[in-house]
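Asks: Provided herewith: protein.cif, mmCIF, C-alpha atoms and all ligand atoms.
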data_upload
#
loop_
_atom_site.group_PDB
_atom_site.id
_atom_site.type_symbol
_atom_site.label_atom_id
_atom_site.label_comp_id
_atom_site.auth_asym_id
_atom_site.auth_seq_id
_atom_site.Cartn_x
_atom_site.Cartn_y
_atom_site.Cartn_z
ATOM 1 C CA GLN A 722 25.458 -4.813 -14.108
ATOM 2 C CA GLU A 723 24.024 -4.564 -10.626
ATOM 3 C CA TRP A 724 20.670 -2.955 -9.874
ATOM 4 C CA LEU A 725 19.552 -2.159 -6.330
ATOM 5 C CA PHE A 726 15.925 -2.835 -5.440
ATOM 6 C CA VAL A 727 14.743 -1.412 -2.143
ATOM 7 C CA THR A 728 11.507 -2.488 -0.422
ATOM 8 C CA GLU A 729 9.558 -1.274 2.608
ATOM 9 C CA GLU A 730 9.252 -4.760 4.050
ATOM 10 C CA GLN A 731 11.387 -7.562 5.473
ATOM 11 C CA ASP A 732 12.410 -11.031 4.371
ATOM 12 C CA GLY A 733 9.294 -13.188 4.033
ATOM 13 C CA GLN A 734 6.908 -10.256 3.659
ATOM 14 C CA VAL A 735 5.190 -9.675 0.308
ATOM 15 C CA GLN A 736 7.246 -6.731 -1.015
ATOM 16 C CA TYR A 737 10.571 -8.385 -0.227
ATOM 17 C CA GLU A 738 9.470 -11.713 -1.694
ATOM 18 C CA TYR A 739 8.438 -9.757 -4.786
ATOM 19 C CA ALA A 740 11.890 -8.188 -5.115
ATOM 20 C CA GLU A 741 13.570 -11.594 -4.726
ATOM 21 C CA GLU A 742 11.356 -13.203 -7.355
ATOM 22 C CA PHE A 743 11.939 -10.260 -9.689
ATOM 23 C CA ALA A 744 15.701 -10.605 -9.123
ATOM 24 C CA ASN A 745 15.625 -14.334 -9.951
ATOM 25 C CA ARG A 746 13.658 -13.758 -13.124
ATOM 26 C CA ILE A 747 15.948 -10.967 -14.352
ATOM 27 C CA SER A 748 19.050 -13.015 -13.579
ATOM 28 C CA GLU A 749 17.659 -15.949 -15.554
ATOM 29 C CA LYS A 750 16.492 -13.872 -18.498
ATOM 30 C CA SER A 751 19.754 -11.976 -18.753
ATOM 31 C CA GLY A 752 21.808 -15.163 -18.520
ATOM 32 C CA GLY A 753 23.351 -13.897 -15.293
ATOM 33 C CA LYS A 754 24.542 -10.626 -16.817
ATOM 34 C CA ILE A 755 22.278 -8.541 -14.600
ATOM 35 C CA THR A 756 22.173 -8.947 -10.837
ATOM 36 C CA VAL A 757 19.306 -7.382 -8.911
ATOM 37 C CA THR A 758 20.027 -6.955 -5.200
ATOM 38 C CA PRO A 759 16.921 -6.665 -3.014
ATOM 39 C CA TYR A 760 17.077 -4.591 0.175
ATOM 40 C CA GLU A 761 14.943 -5.194 3.223
ATOM 41 C CA PHE A 762 13.262 -2.299 5.012
ATOM 42 C CA GLY A 763 15.498 -0.452 7.442
ATOM 43 C CA GLY A 764 18.863 -0.881 5.751
ATOM 44 C CA LEU A 765 18.530 2.408 3.883
ATOM 45 C CA GLY A 766 16.504 4.459 6.358
ATOM 46 C CA ASP A 767 12.746 4.837 6.629
ATOM 47 C CA GLU A 768 10.113 4.717 3.882
ATOM 48 C CA VAL A 769 10.442 8.411 2.981
ATOM 49 C CA ASP A 770 14.283 8.222 2.867
ATOM 50 C CA GLN A 771 13.952 5.334 0.430
ATOM 51 C CA VAL A 772 11.896 7.431 -1.976
ATOM 52 C CA GLU A 773 14.654 10.055 -1.912
ATOM 53 C CA GLN A 774 17.267 7.408 -2.720
ATOM 54 C CA LEU A 775 15.201 6.264 -5.661
ATOM 55 C CA GLN A 776 14.806 9.848 -6.826
ATOM 56 C CA ASN A 777 18.506 10.623 -6.661
ATOM 57 C CA GLY A 778 19.474 7.348 -8.310
ATOM 58 C CA ALA A 779 21.226 5.728 -5.333
ATOM 59 C CA VAL A 780 18.849 2.816 -5.999
ATOM 60 C CA GLN A 781 17.277 1.984 -9.342
ATOM 61 C CA LEU A 782 14.100 0.177 -8.310
ATOM 62 C CA ALA A 783 11.782 0.309 -5.313
ATOM 63 C CA VAL A 784 8.458 -0.869 -4.043
ATOM 64 C CA THR A 785 6.872 2.332 -2.811
ATOM 65 C CA SER A 786 3.561 3.013 -1.099
ATOM 66 C CA PRO A 787 1.387 5.990 -2.004
ATOM 67 C CA GLY A 788 0.974 6.465 1.738
ATOM 68 C CA PHE A 789 4.536 7.761 1.892
ATOM 69 C CA ILE A 790 4.601 9.674 -1.402
ATOM 70 C CA GLY A 791 1.586 11.927 -0.964
ATOM 71 C CA ASN A 792 3.539 14.934 0.244
ATOM 72 C CA MET A 793 5.383 14.897 -3.083
ATOM 73 C CA VAL A 794 3.021 13.395 -5.699
ATOM 74 C CA LYS A 795 -0.243 14.898 -4.465
ATOM 75 C CA GLU A 796 -2.427 12.823 -6.809
ATOM 76 C CA SER A 797 -1.040 9.546 -5.460
ATOM 77 C CA GLN A 798 -3.255 10.159 -2.438
ATOM 78 C CA ILE A 799 -6.162 8.869 -4.458
ATOM 79 C CA PHE A 800 -5.273 5.562 -2.768
ATOM 80 C CA ALA A 801 -5.927 7.087 0.643
ATOM 81 C CA LEU A 802 -9.654 7.314 -0.094
ATOM 82 C CA HIS A 803 -11.605 4.686 1.814
ATOM 83 C CA PHE A 804 -14.353 2.591 0.203
ATOM 84 C CA LEU A 805 -13.349 3.691 -3.313
ATOM 85 C CA PHE A 806 -12.305 0.393 -4.908
ATOM 86 C CA PRO A 807 -14.678 -2.609 -5.135
ATOM 87 C CA ASP A 808 -15.097 -4.878 -2.130
ATOM 88 C CA SER A 809 -13.033 -7.574 -3.866
ATOM 89 C CA VAL A 810 -9.255 -7.758 -4.108
ATOM 90 C CA GLU A 811 -9.563 -9.587 -7.479
ATOM 91 C CA GLN A 812 -11.643 -6.826 -9.016
ATOM 92 C CA THR A 813 -9.439 -4.166 -7.479
ATOM 93 C CA GLN A 814 -6.324 -5.798 -8.926
ATOM 94 C CA GLU A 815 -7.968 -5.952 -12.340
ATOM 95 C CA ILE A 816 -8.650 -2.212 -12.157
ATOM 96 C CA LEU A 817 -5.082 -1.527 -10.979
ATOM 97 C CA ASN A 818 -3.830 -3.476 -14.024
ATOM 98 C CA THR A 819 -6.008 -1.836 -16.634
ATOM 99 C CA SER A 820 -6.965 1.648 -15.421
ATOM 100 C CA GLU A 821 -5.923 4.443 -17.751
ATOM 101 C CA ALA A 822 -6.465 6.972 -14.993
ATOM 102 C CA LEU A 823 -3.766 5.222 -12.956
ATOM 103 C CA ASN A 824 -1.420 3.717 -15.541
ATOM 104 C CA GLN A 825 -1.303 6.805 -17.755
ATOM 105 C CA ASP A 826 -2.528 9.917 -15.963
ATOM 106 C CA LEU A 827 -1.260 9.160 -12.469
ATOM 107 C CA VAL A 828 2.033 7.800 -13.824
ATOM 108 C CA LYS A 829 2.674 11.202 -15.448
ATOM 109 C CA GLN A 830 2.276 12.887 -12.078
ATOM 110 C CA TYR A 831 4.999 10.671 -10.589
ATOM 111 C CA GLN A 832 7.229 11.295 -13.603
ATOM 112 C CA GLU A 833 7.288 15.002 -12.834
ATOM 113 C CA HIS A 834 9.311 14.002 -9.789
ATOM 114 C CA GLY A 835 11.725 11.699 -11.601
ATOM 115 C CA LEU A 836 9.890 8.507 -10.623
ATOM 116 C CA THR A 837 8.151 6.087 -12.961
ATOM 117 C CA PRO A 838 5.644 3.607 -11.539
ATOM 118 C CA LEU A 839 5.660 0.444 -13.667
ATOM 119 C CA SER A 840 2.826 -1.340 -11.874
ATOM 120 C CA PHE A 841 0.293 -0.956 -9.091
ATOM 121 C CA TRP A 842 -0.584 -4.049 -7.065
ATOM 122 C CA SER A 843 -2.630 -4.892 -4.038
ATOM 123 C CA GLU A 844 -1.188 -6.381 -0.866
ATOM 124 C CA GLY A 845 -4.736 -7.146 0.249
ATOM 125 C CA PHE A 846 -7.492 -5.429 2.170
ATOM 126 C CA MET A 847 -6.517 -3.145 5.030
ATOM 127 C CA GLN A 848 -7.923 -3.973 8.442
ATOM 128 C CA TRP A 849 -7.909 -2.120 11.731
ATOM 129 C CA THR A 850 -6.339 -3.285 14.976
ATOM 130 C CA ALA A 851 -6.923 -1.814 18.428
ATOM 131 C CA ASN A 852 -7.282 -2.741 22.081
ATOM 132 C CA LYS A 853 -11.042 -2.301 21.808
ATOM 133 C CA PRO A 854 -13.543 -3.076 19.065
ATOM 134 C CA LEU A 855 -13.872 -0.363 16.396
ATOM 135 C CA GLU A 856 -17.387 -0.957 15.088
ATOM 136 C CA GLN A 857 -18.866 2.490 14.607
ATOM 137 C CA PRO A 858 -17.412 5.945 13.909
ATOM 138 C CA SER A 859 -17.896 7.041 17.537
ATOM 139 C CA ASP A 860 -15.391 4.342 18.571
ATOM 140 C CA PHE A 861 -12.734 6.494 16.888
ATOM 141 C CA GLU A 862 -13.352 9.462 19.178
ATOM 142 C CA ASN A 863 -9.992 10.531 20.667
ATOM 143 C CA PHE A 864 -8.498 7.391 19.164
ATOM 144 C CA LYS A 865 -4.818 7.786 18.295
ATOM 145 C CA MET A 866 -4.615 6.101 14.921
ATOM 146 C CA ARG A 867 -1.182 5.434 13.466
ATOM 147 C CA VAL A 868 -1.065 6.262 9.781
ATOM 148 C CA GLN A 869 1.548 6.669 7.058
ATOM 149 C CA THR A 870 2.663 10.187 6.143
ATOM 150 C CA SER A 871 0.308 11.217 3.293
ATOM 151 C CA PRO A 872 -1.936 14.087 4.475
ATOM 152 C CA LEU A 873 -5.098 12.674 2.910
ATOM 153 C CA ILE A 874 -4.843 9.561 5.086
ATOM 154 C CA ILE A 875 -4.959 11.896 8.069
ATOM 155 C CA GLU A 876 -8.015 13.618 6.591
ATOM 156 C CA SER A 877 -9.715 10.246 6.099
ATOM 157 C CA TYR A 878 -9.367 9.361 9.783
ATOM 158 C CA GLU A 879 -10.304 12.827 10.985
ATOM 159 C CA ALA A 880 -13.561 12.310 9.074
ATOM 160 C CA TYR A 881 -14.293 9.445 11.517
ATOM 161 C CA GLY A 882 -13.396 11.666 14.473
ATOM 162 C CA ALA A 883 -10.036 10.015 15.147
ATOM 163 C CA ASN A 884 -6.744 11.616 16.108
ATOM 164 C CA PRO A 885 -4.355 10.280 13.431
ATOM 165 C CA GLN A 886 -0.577 10.337 13.840
ATOM 166 C CA SER A 887 2.031 9.661 11.168
ATOM 167 C CA MET A 888 4.793 7.205 11.961
ATOM 168 C CA SER A 889 7.184 4.858 10.161
ATOM 169 C CA TRP A 890 6.227 1.221 10.604
ATOM 170 C CA GLY A 891 9.679 0.709 12.107
ATOM 171 C CA ASP A 892 8.418 2.496 15.255
ATOM 172 C CA LEU A 893 4.926 1.036 15.235
ATOM 173 C CA TYR A 894 5.274 -2.067 17.430
ATOM 174 C CA THR A 895 6.797 0.003 20.227
ATOM 175 C CA GLY A 896 4.267 2.790 19.632
ATOM 176 C CA LEU A 897 1.362 0.365 20.086
ATOM 177 C CA ASP A 898 3.024 -1.372 23.017
ATOM 178 C CA GLN A 899 3.690 1.877 24.878
ATOM 179 C CA GLY A 900 0.400 3.535 23.952
ATOM 180 C CA THR A 901 1.883 6.366 21.869
ATOM 181 C CA VAL A 902 -0.773 5.227 19.401
ATOM 182 C CA ASP A 903 -3.912 3.146 20.021
ATOM 183 C CA GLY A 904 -4.326 1.369 16.702
ATOM 184 C CA GLN A 905 -3.293 1.021 13.095
ATOM 185 C CA GLU A 906 -4.361 -0.256 9.664
ATOM 186 C CA ASN A 907 -2.602 -2.846 7.509
ATOM 187 C CA PRO A 908 -3.182 -6.037 5.525
ATOM 188 C CA ILE A 909 -3.501 -9.159 7.689
ATOM 189 C CA PHE A 910 -0.173 -10.691 6.629
ATOM 190 C CA PHE A 911 1.653 -7.580 7.743
ATOM 191 C CA ILE A 912 -0.193 -7.289 11.055
ATOM 192 C CA ALA A 913 0.831 -10.832 11.922
ATOM 193 C CA ASP A 914 4.330 -10.886 10.454
ATOM 194 C CA ALA A 915 5.236 -7.616 12.200
ATOM 195 C CA SER A 916 3.613 -9.066 15.374
ATOM 196 C CA PHE A 917 1.275 -6.120 15.911
ATOM 197 C CA ASN A 918 -1.322 -8.661 17.059
ATOM 198 C CA GLU A 919 0.906 -9.348 20.087
ATOM 199 C CA VAL A 920 0.148 -5.850 21.370
ATOM 200 C CA GLN A 921 -3.428 -5.463 20.044
ATOM 201 C CA ASP A 922 -6.457 -7.302 21.445
ATOM 202 C CA TYR A 923 -8.767 -6.862 18.452
ATOM 203 C CA MET A 924 -8.478 -7.076 14.695
ATOM 204 C CA MET A 925 -11.455 -5.670 12.790
ATOM 205 C CA LEU A 926 -12.166 -7.099 9.341
ATOM 206 C CA SER A 927 -13.102 -3.637 8.107
ATOM 207 C CA ARG A 928 -11.913 -3.844 4.486
ATOM 208 C CA HIS A 929 -12.127 -0.046 4.352
ATOM 209 C CA ASN A 930 -9.333 0.154 1.804
ATOM 210 C CA ASN A 931 -6.818 -1.839 -0.207
ATOM 211 C CA TYR A 932 -3.096 -1.636 0.436
ATOM 212 C CA VAL A 933 -1.664 -0.597 -2.912
ATOM 213 C CA ALA A 934 2.057 -1.009 -3.549
ATOM 214 C CA THR A 935 3.841 0.375 -6.576
ATOM 215 C CA THR A 936 6.831 -1.021 -8.439
ATOM 216 C CA THR A 937 8.652 2.226 -9.106
ATOM 217 C CA VAL A 938 11.886 3.026 -10.944
ATOM 218 C CA ASN A 939 14.174 6.015 -11.258
ATOM 219 C CA SER A 940 12.934 7.581 -14.513
ATOM 220 C CA GLU A 941 16.335 8.656 -15.836
ATOM 221 C CA TRP A 942 17.809 5.217 -15.247
ATOM 222 C CA TYR A 943 14.829 3.502 -16.856
ATOM 223 C CA GLU A 944 14.861 5.769 -19.926
ATOM 224 C CA GLY A 945 18.583 5.081 -20.303
ATOM 225 C CA LEU A 946 18.171 1.296 -20.563
ATOM 226 C CA SER A 947 18.622 -0.302 -23.974
ATOM 227 C CA GLU A 948 15.363 -1.205 -25.681
ATOM 228 C CA GLU A 949 16.050 -4.880 -25.133
ATOM 229 C CA VAL A 950 16.679 -4.522 -21.401
ATOM 230 C CA GLN A 951 13.738 -2.164 -20.940
ATOM 231 C CA THR A 952 11.455 -4.737 -22.585
ATOM 232 C CA MET A 953 12.850 -7.403 -20.261
ATOM 233 C CA VAL A 954 12.007 -5.219 -17.257
ATOM 234 C CA ASP A 955 8.512 -4.416 -18.562
ATOM 235 C CA GLU A 956 7.719 -8.046 -19.317
ATOM 236 C CA THR A 957 8.939 -9.190 -15.931
ATOM 237 C CA VAL A 958 6.907 -6.513 -14.141
ATOM 238 C CA ASP A 959 3.816 -7.640 -16.079
ATOM 239 C CA GLU A 960 4.372 -11.319 -15.252
ATOM 240 C CA MET A 961 4.825 -10.424 -11.601
ATOM 241 C CA GLN A 962 1.272 -9.067 -11.320
ATOM 242 C CA GLU A 963 -0.239 -12.520 -11.222
ATOM 243 C CA TRP A 964 2.559 -13.871 -9.055
ATOM 244 C CA VAL A 965 2.172 -11.192 -6.400
ATOM 245 C CA PHE A 966 -1.609 -11.516 -6.400
ATOM 246 C CA GLU A 967 -1.235 -15.184 -5.428
ATOM 247 C CA GLU A 968 1.507 -14.379 -2.911
ATOM 248 C CA GLN A 969 -0.523 -11.766 -1.004
ATOM 249 C CA LYS A 970 -3.614 -13.978 -1.125
ATOM 250 C CA ALA A 971 -1.797 -16.978 0.354
ATOM 251 C CA GLN A 972 -0.069 -14.889 3.019
ATOM 252 C CA ASN A 973 -3.261 -13.061 4.037
ATOM 253 C CA GLU A 974 -5.196 -16.340 4.292
ATOM 254 C CA ASP A 975 -2.476 -18.179 6.233
ATOM 255 C CA PHE A 976 -1.894 -15.356 8.680
ATOM 256 C CA LEU A 977 -5.632 -14.935 9.330
ATOM 257 C CA GLU A 978 -5.689 -18.558 10.443
ATOM 258 C CA GLN A 979 -2.601 -17.978 12.547
ATOM 259 C CA ILE A 980 -4.131 -14.969 14.311
ATOM 260 C CA LYS A 981 -7.401 -16.830 14.915
ATOM 261 C CA THR A 982 -5.657 -19.823 16.465
ATOM 262 C CA ASP A 983 -2.931 -18.030 18.416
ATOM 263 C CA THR A 984 -3.543 -18.751 22.086
ATOM 264 C CA ASP A 985 -0.339 -17.181 23.474
ATOM 265 C CA THR A 986 -1.306 -13.620 22.583
ATOM 266 C CA PRO A 987 -4.993 -13.970 21.618
ATOM 267 C CA THR A 988 -6.495 -11.375 19.294
ATOM 268 C CA GLU A 989 -10.226 -11.355 18.759
ATOM 269 C CA VAL A 990 -11.207 -11.129 15.112
ATOM 270 C CA VAL A 991 -14.270 -8.893 14.668
ATOM 271 C CA GLU A 992 -15.988 -9.031 11.293
ATOM 272 C CA LEU A 993 -17.774 -5.730 10.611
ATOM 273 C CA SER A 994 -21.272 -6.105 9.177
ATOM 274 C CA GLU A 995 -22.316 -4.371 5.953
ATOM 275 C CA GLU A 996 -24.389 -1.993 8.012
ATOM 276 C CA GLN A 997 -21.441 -1.098 10.204
ATOM 277 C CA ARG A 998 -19.213 -0.562 7.177
ATOM 278 C CA GLU A 999 -21.884 1.637 5.627
ATOM 279 C CA ALA A 1000 -21.699 4.097 8.544
ATOM 280 C CA PHE A 1001 -17.973 4.544 7.839
ATOM 281 C CA ARG A 1002 -18.557 4.732 4.111
ATOM 282 C CA GLU A 1003 -20.961 7.631 4.559
ATOM 283 C CA LEU A 1004 -18.271 9.633 6.329
ATOM 284 C CA ALA A 1005 -15.571 8.565 3.856
ATOM 285 C CA VAL A 1006 -17.297 9.589 0.624
ATOM 286 C CA PRO A 1007 -17.204 13.382 1.293
ATOM 287 C CA VAL A 1008 -13.395 13.128 1.635
ATOM 288 C CA ARG A 1009 -13.416 12.661 -2.152
ATOM 289 C CA ASP A 1010 -14.508 16.294 -2.470
ATOM 290 C CA PHE A 1011 -11.705 17.355 -0.187
ATOM 291 C CA TYR A 1012 -9.351 15.460 -2.521
ATOM 292 C CA ARG A 1013 -10.841 17.132 -5.595
ATOM 293 C CA ASN A 1014 -10.780 20.658 -4.149
ATOM 294 C CA GLU A 1015 -7.818 20.763 -1.791
ATOM 295 C CA VAL A 1016 -5.402 18.024 -2.813
ATOM 296 C CA SER A 1017 -5.644 17.467 -6.531
ATOM 297 C CA THR A 1018 -3.664 19.693 -8.879
ATOM 298 C CA VAL A 1019 -5.915 18.588 -11.773
ATOM 299 C CA ASP A 1020 -9.275 19.295 -10.100
ATOM 300 C CA GLY A 1021 -9.926 15.661 -9.389
ATOM 301 C CA ALA A 1022 -9.805 14.646 -13.076
ATOM 302 C CA ILE A 1023 -7.885 11.434 -12.294
ATOM 303 C CA LEU A 1024 -10.347 10.501 -9.562
ATOM 304 C CA ASP A 1025 -13.357 11.181 -11.751
ATOM 305 C CA LYS A 1026 -11.938 9.005 -14.520
ATOM 306 C CA LEU A 1027 -11.041 6.256 -12.046
ATOM 307 C CA ILE A 1028 -14.554 6.295 -10.584
ATOM 308 C CA GLU A 1029 -15.965 5.833 -14.093
ATOM 309 C CA GLU A 1030 -13.592 2.927 -14.690
ATOM 310 C CA ILE A 1031 -14.571 1.340 -11.366
ATOM 311 C CA GLU A 1032 -18.258 1.744 -12.178
ATOM 312 C CA ALA A 1033 -17.770 0.185 -15.609
ATOM 313 C CA ALA A 1034 -15.806 -2.740 -14.144
ATOM 314 C CA THR A 1035 -18.336 -3.459 -11.414
ATOM 315 C CA ALA A 1036 -21.390 -3.078 -13.674
ATOM 316 C CA GLU A 1037 -20.268 -6.018 -15.844
HETATM 317 O O1 LIG B 1 2.337 0.170 7.587
HETATM 318 C C1 LIG B 1 3.306 0.389 6.888
HETATM 319 O O2 LIG B 1 3.825 1.498 6.836
HETATM 320 C C2 LIG B 1 3.885 -0.741 6.072
HETATM 321 N N1 LIG B 1 2.846 -1.637 5.652
HETATM 322 C C3 LIG B 1 3.012 -2.462 4.648
HETATM 323 C C4 LIG B 1 1.971 -3.459 4.285
HETATM 324 N N2 LIG B 1 4.102 -2.436 3.898
HETATM 325 C C5 LIG B 1 5.185 -1.488 4.107
HETATM 326 C C6 LIG B 1 4.692 -0.277 4.862
HETATM 327 O O3 LIG B 1 5.727 0.586 5.196
#
Rewrite the coordinates I just gave you, this time as C-alpha cells.
Replies:
Amino acid sequence: QEWLFVTEEQDGQVQYEYAEEFANRISEKSGGKITVTPYEFGGLGDEVDQVEQLQNGAVQLAVTSPGFIGNMVKESQIFALHFLFPDSVEQTQEILNTSEALNQDLVKQYQEHGLTPLSFWSEGFMQWTANKPLEQPSDFENFKMRVQTSPLIIESYEAYGANPQSMSWGDLYTGLDQGTVDGQENPIFFIADASFNEVQDYMMLSRHNNYVATTTVNSEWYEGLSEEVQTMVDETVDEMQEWVFEEQKAQNEDFLEQIKTDTDTPTEVVELSEEQREAFRELAVPVRDFYRNEVSTVDGAILDKLIEEIEAATAE
C-alpha cells in the first residue's frame, strides 16, 4: 500500500521532517508493507488546494494549518486568537495534547467536512517581522500585514489597526521584497528557512500566538483502515508529539542564533517587553467575543471550554 502525505512546508522544515519521520516509522512497523510518500509544499498547489485534495481523497494524510481551514471549519479559527494560550510552548503543547475541547469537540467540527484531525502540535511561538519596529498598536496603522486565509486572523490584525492581506506563503518572499505587504508572522525557524529575514530589517519577539499544525487524515480513508493498521497510525501519531516538540524547539533555537549572527543581511531582533505585549493583549481579548458571536456555530462553547482548560492547566 502507498499513502500520500502532503505538507505545507519544504524539505528540512518542521512539517516535512515530521512527514518523513512518520513515513519511516510506519514503514518499519509494517515491515515495509506500507509506504508513506511525503510531499513538499508546492507540488500539489497552494495550502488551500491541499486541503481539497485531502477532502476528496487524492491524498490520505496532510499537515494542515487552521489558518487555511477557517473558511470551511469555522471553529478552527479558535487558533487565530492572540494571547489565548499560555506564554510557554511546553504548556501550550500539553494543552494541545490533552484538551477535550480540541481533541473531541473541535475534531467533530472537522469531521463534518470529511477531515479527521489526529493531533494538534505547536511549531513554536509566532513572531512578527517588518522593516520597522512593531512595538505598540499604533505601529500597525496602515501596515500591510500578510496573513493566512482564515477571516478571524484578519479580524485579529484589524483590532490592532493594521491592514491585513491574505496570501499563500509561496508568494510571501516576493510580496515582502516588492512591498506588496509590509510584514508577516511566523515561527522563527520558518522566517529564517524561508529567508524572510533577508527582506525584513526587524524581527519582533512578540509571542502573540502559537503556530498550531494539525496532522489530519481523510475521514473515509481512516475509517476504512483495518483495526490493526488504524492502531498503528494512532500510536505513531501519539509518539510523534514528543518528537515534533523537540524538532521545533531545536529548529527555533538554532535559527534564532542564525538570525542574530547573520551579518550579510542583518535583522535586528527586538524583544517586546511585558508592558508592550499587554497593550496588544488588551486589543486582542475582545476579538474572543467576535469569535463567539460572529464566527462560532456553537456560540463559543468550544472556546469557553478551552479557556477553562487553560485556566486549570496554568493554575497548577
Ligand atoms: O506562513 C505560512 O503560511 C506557512 N507557515 C508555516 C510555519 N508553515 C506552513 C504555512 O503555510
Asks: Within 6 Å of ligand LIG 1 (chain B), counting only C-alpha atoms and all ligand atoms, which protein or nucleic acid residues do you find, written as a VMD selection string?
Replies: chain A and resid 729 to 730 869 889 to 890 907 to 908 911
Asks: I'd like the contact shell of A:Glu989 - 8 Å cut-off, all atoms listed in the file, skipping same-chain residues fewer than 6 positions apart - returned as a list in words.
Replies: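 These residues fall inside the cut-off: Asp922, Tyr923, Met924 and Lys981 of chain A.
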Asks: Taking only C-alpha atoms into account, which of A:Asn824, A:Gln798, A:Gln921, A:Gln886 comes nearest A:Arg1009?
Replies: A:Gln798
Asks: Applied to this file, what does the PyMOL selection byres (((chain A and resi 895) around 12) and not hetatm) return in terms of residues, put as JSON, numbers by chain?
Replies: {"A": [867, 888, 889, 890, 891, 892, 893, 894, 896, 897, 898, 899, 900, 901, 902, 903, 904, 915, 916, 917, 919, 920, 921]}
Asks: Can you list what the PyMOL selection byres (((chain A and resi 927-935) around 6) and not hetatm) grabs from this structure, as an NGL selection string?
Replies: :A and (784-786 or 803-804 or 840-848 or 925-926 or 936-937 or 993)
Asks: Write out as lines of an AutoDock Vina configuration file an axis-aligned box for stretch 944-951 of chain A: all of its atoms listed in the file, 5 Å added on each side, centre and edge lengths in Å with one decimal.
Replies:
center_x = 16.2
center_y = 0.4
center_z = -22.8
size_x = 14.9
size_y = 20.6
size_z = 15.8
Asks: Within 12 Å of A:Glu956, counting only C-alpha atoms, which residues show up once you throw out same-chain ones fewer than 6 positions away? Write them as a list in words, please.
Replies: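 Everything that qualifies: Phe743, Arg746, Ile747, Lys750, Leu839, Ser840, Glu949, Val950 and Gln962 of chain A.
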Asks: Please produce an output containing C-alpha atoms for each residue in the selection, written as a CSV table (one decimal), keeping the file's coordinate frame.
Replies:
chain,number,residue,atom,x,y,z
A,743,PHE,CA,11.9,-10.3,-9.7
A,746,ARG,CA,13.7,-13.8,-13.1
A,747,ILE,CA,15.9,-11.0,-14.4
A,750,LYS,CA,16.5,-13.9,-18.5
A,839,LEU,CA,5.7,0.4,-13.7
A,840,SER,CA,2.8,-1.3,-11.9
A,949,GLU,CA,16.0,-4.9,-25.1
A,950,VAL,CA,16.7,-4.5,-21.4
A,962,GLN,CA,1.3,-9.1,-11.3
Asks: Just how far from atom CA of A:Ser877 is atom CA of A:Leu1004, in Å to one decimal?
Replies: 8.6 Å
Asks: Using only C-alpha atoms, which protein or nucleic acid residues come within 10 Å of stretch 751-755 of chain A? Drop anything in the same chain fewer than 3 positions from it, and give the result as a list in words.
Replies: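 Residues near the query, excluding close chain neighbours: Gln722, Glu723, Trp724, Ala744, Asn745, Arg746, Ile747, Ser748, Thr758, Val950 and Met953 of chain A.
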Asks: If you keep C-alpha atoms, can you produce a file of those selected residues as a compact mmCIF listing (two decimals), in the coordinates of the input?
Replies:
# COMPACT_ATOMS: atom_id res chain seq x y z
CA GLN A 722 25.46 -4.81 -14.11
CA GLU A 723 24.02 -4.56 -10.63
CA TRP A 724 20.67 -2.96 -9.87
CA ALA A 744 15.70 -10.60 -9.12
CA ASN A 745 15.62 -14.33 -9.95
CA ARG A 746 13.66 -13.76 -13.12
CA ILE A 747 15.95 -10.97 -14.35
CA SER A 748 19.05 -13.02 -13.58
CA THR A 758 20.03 -6.96 -5.20
CA VAL A 950 16.68 -4.52 -21.40
CA MET A 953 12.85 -7.40 -20.26
Asks: Mind giving me the straight-line distance from atom CA of A:Val965 to atom CA of A:Val735 in Å, one decimal?
Replies: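 If I compute the distance from atom CA of A:Val965 to atom CA of A:Val735, I get 7.5 Å.
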Asks: To test your reading of the syntax: which residues would the PyMOL selection byres (((chain A and resi 1002) around 12) and not hetatm) return for the file shown? Reply as a CSV table (one decimal) with C-alpha atoms, in the frame of the given file.
Replies:
chain,number,residue,atom,x,y,z
A,802,LEU,CA,-9.7,7.3,-0.1
A,803,HIS,CA,-11.6,4.7,1.8
A,804,PHE,CA,-14.4,2.6,0.2
A,805,LEU,CA,-13.3,3.7,-3.3
A,806,PHE,CA,-12.3,0.4,-4.9
A,808,ASP,CA,-15.1,-4.9,-2.1
A,857,GLN,CA,-18.9,2.5,14.6
A,858,PRO,CA,-17.4,5.9,13.9
A,877,SER,CA,-9.7,10.2,6.1
A,878,TYR,CA,-9.4,9.4,9.8
A,880,ALA,CA,-13.6,12.3,9.1
A,881,TYR,CA,-14.3,9.4,11.5
A,927,SER,CA,-13.1,-3.6,8.1
A,928,ARG,CA,-11.9,-3.8,4.5
A,929,HIS,CA,-12.1,0.0,4.4
A,930,ASN,CA,-9.3,0.2,1.8
A,995,GLU,CA,-22.3,-4.4,6.0
A,996,GLU,CA,-24.4,-2.0,8.0
A,997,GLN,CA,-21.4,-1.1,10.2
A,998,ARG,CA,-19.2,-0.6,7.2
A,999,GLU,CA,-21.9,1.6,5.6
A,1000,ALA,CA,-21.7,4.1,8.5
A,1001,PHE,CA,-18.0,4.5,7.8
A,1003,GLU,CA,-21.0,7.6,4.6
A,1004,LEU,CA,-18.3,9.6,6.3
A,1005,ALA,CA,-15.6,8.6,3.9
A,1006,VAL,CA,-17.3,9.6,0.6
A,1007,PRO,CA,-17.2,13.4,1.3
A,1008,VAL,CA,-13.4,13.1,1.6
A,1009,ARG,CA,-13.4,12.7,-2.2
Asks: Please list, as a ChimeraX atom specification, the residues that have an atom at most 12 Å away from (18.8, 11.9, -8.1) in the coordinates of this file, counting only C-alpha atoms.
Replies: /A:771-781,834-836,938-942
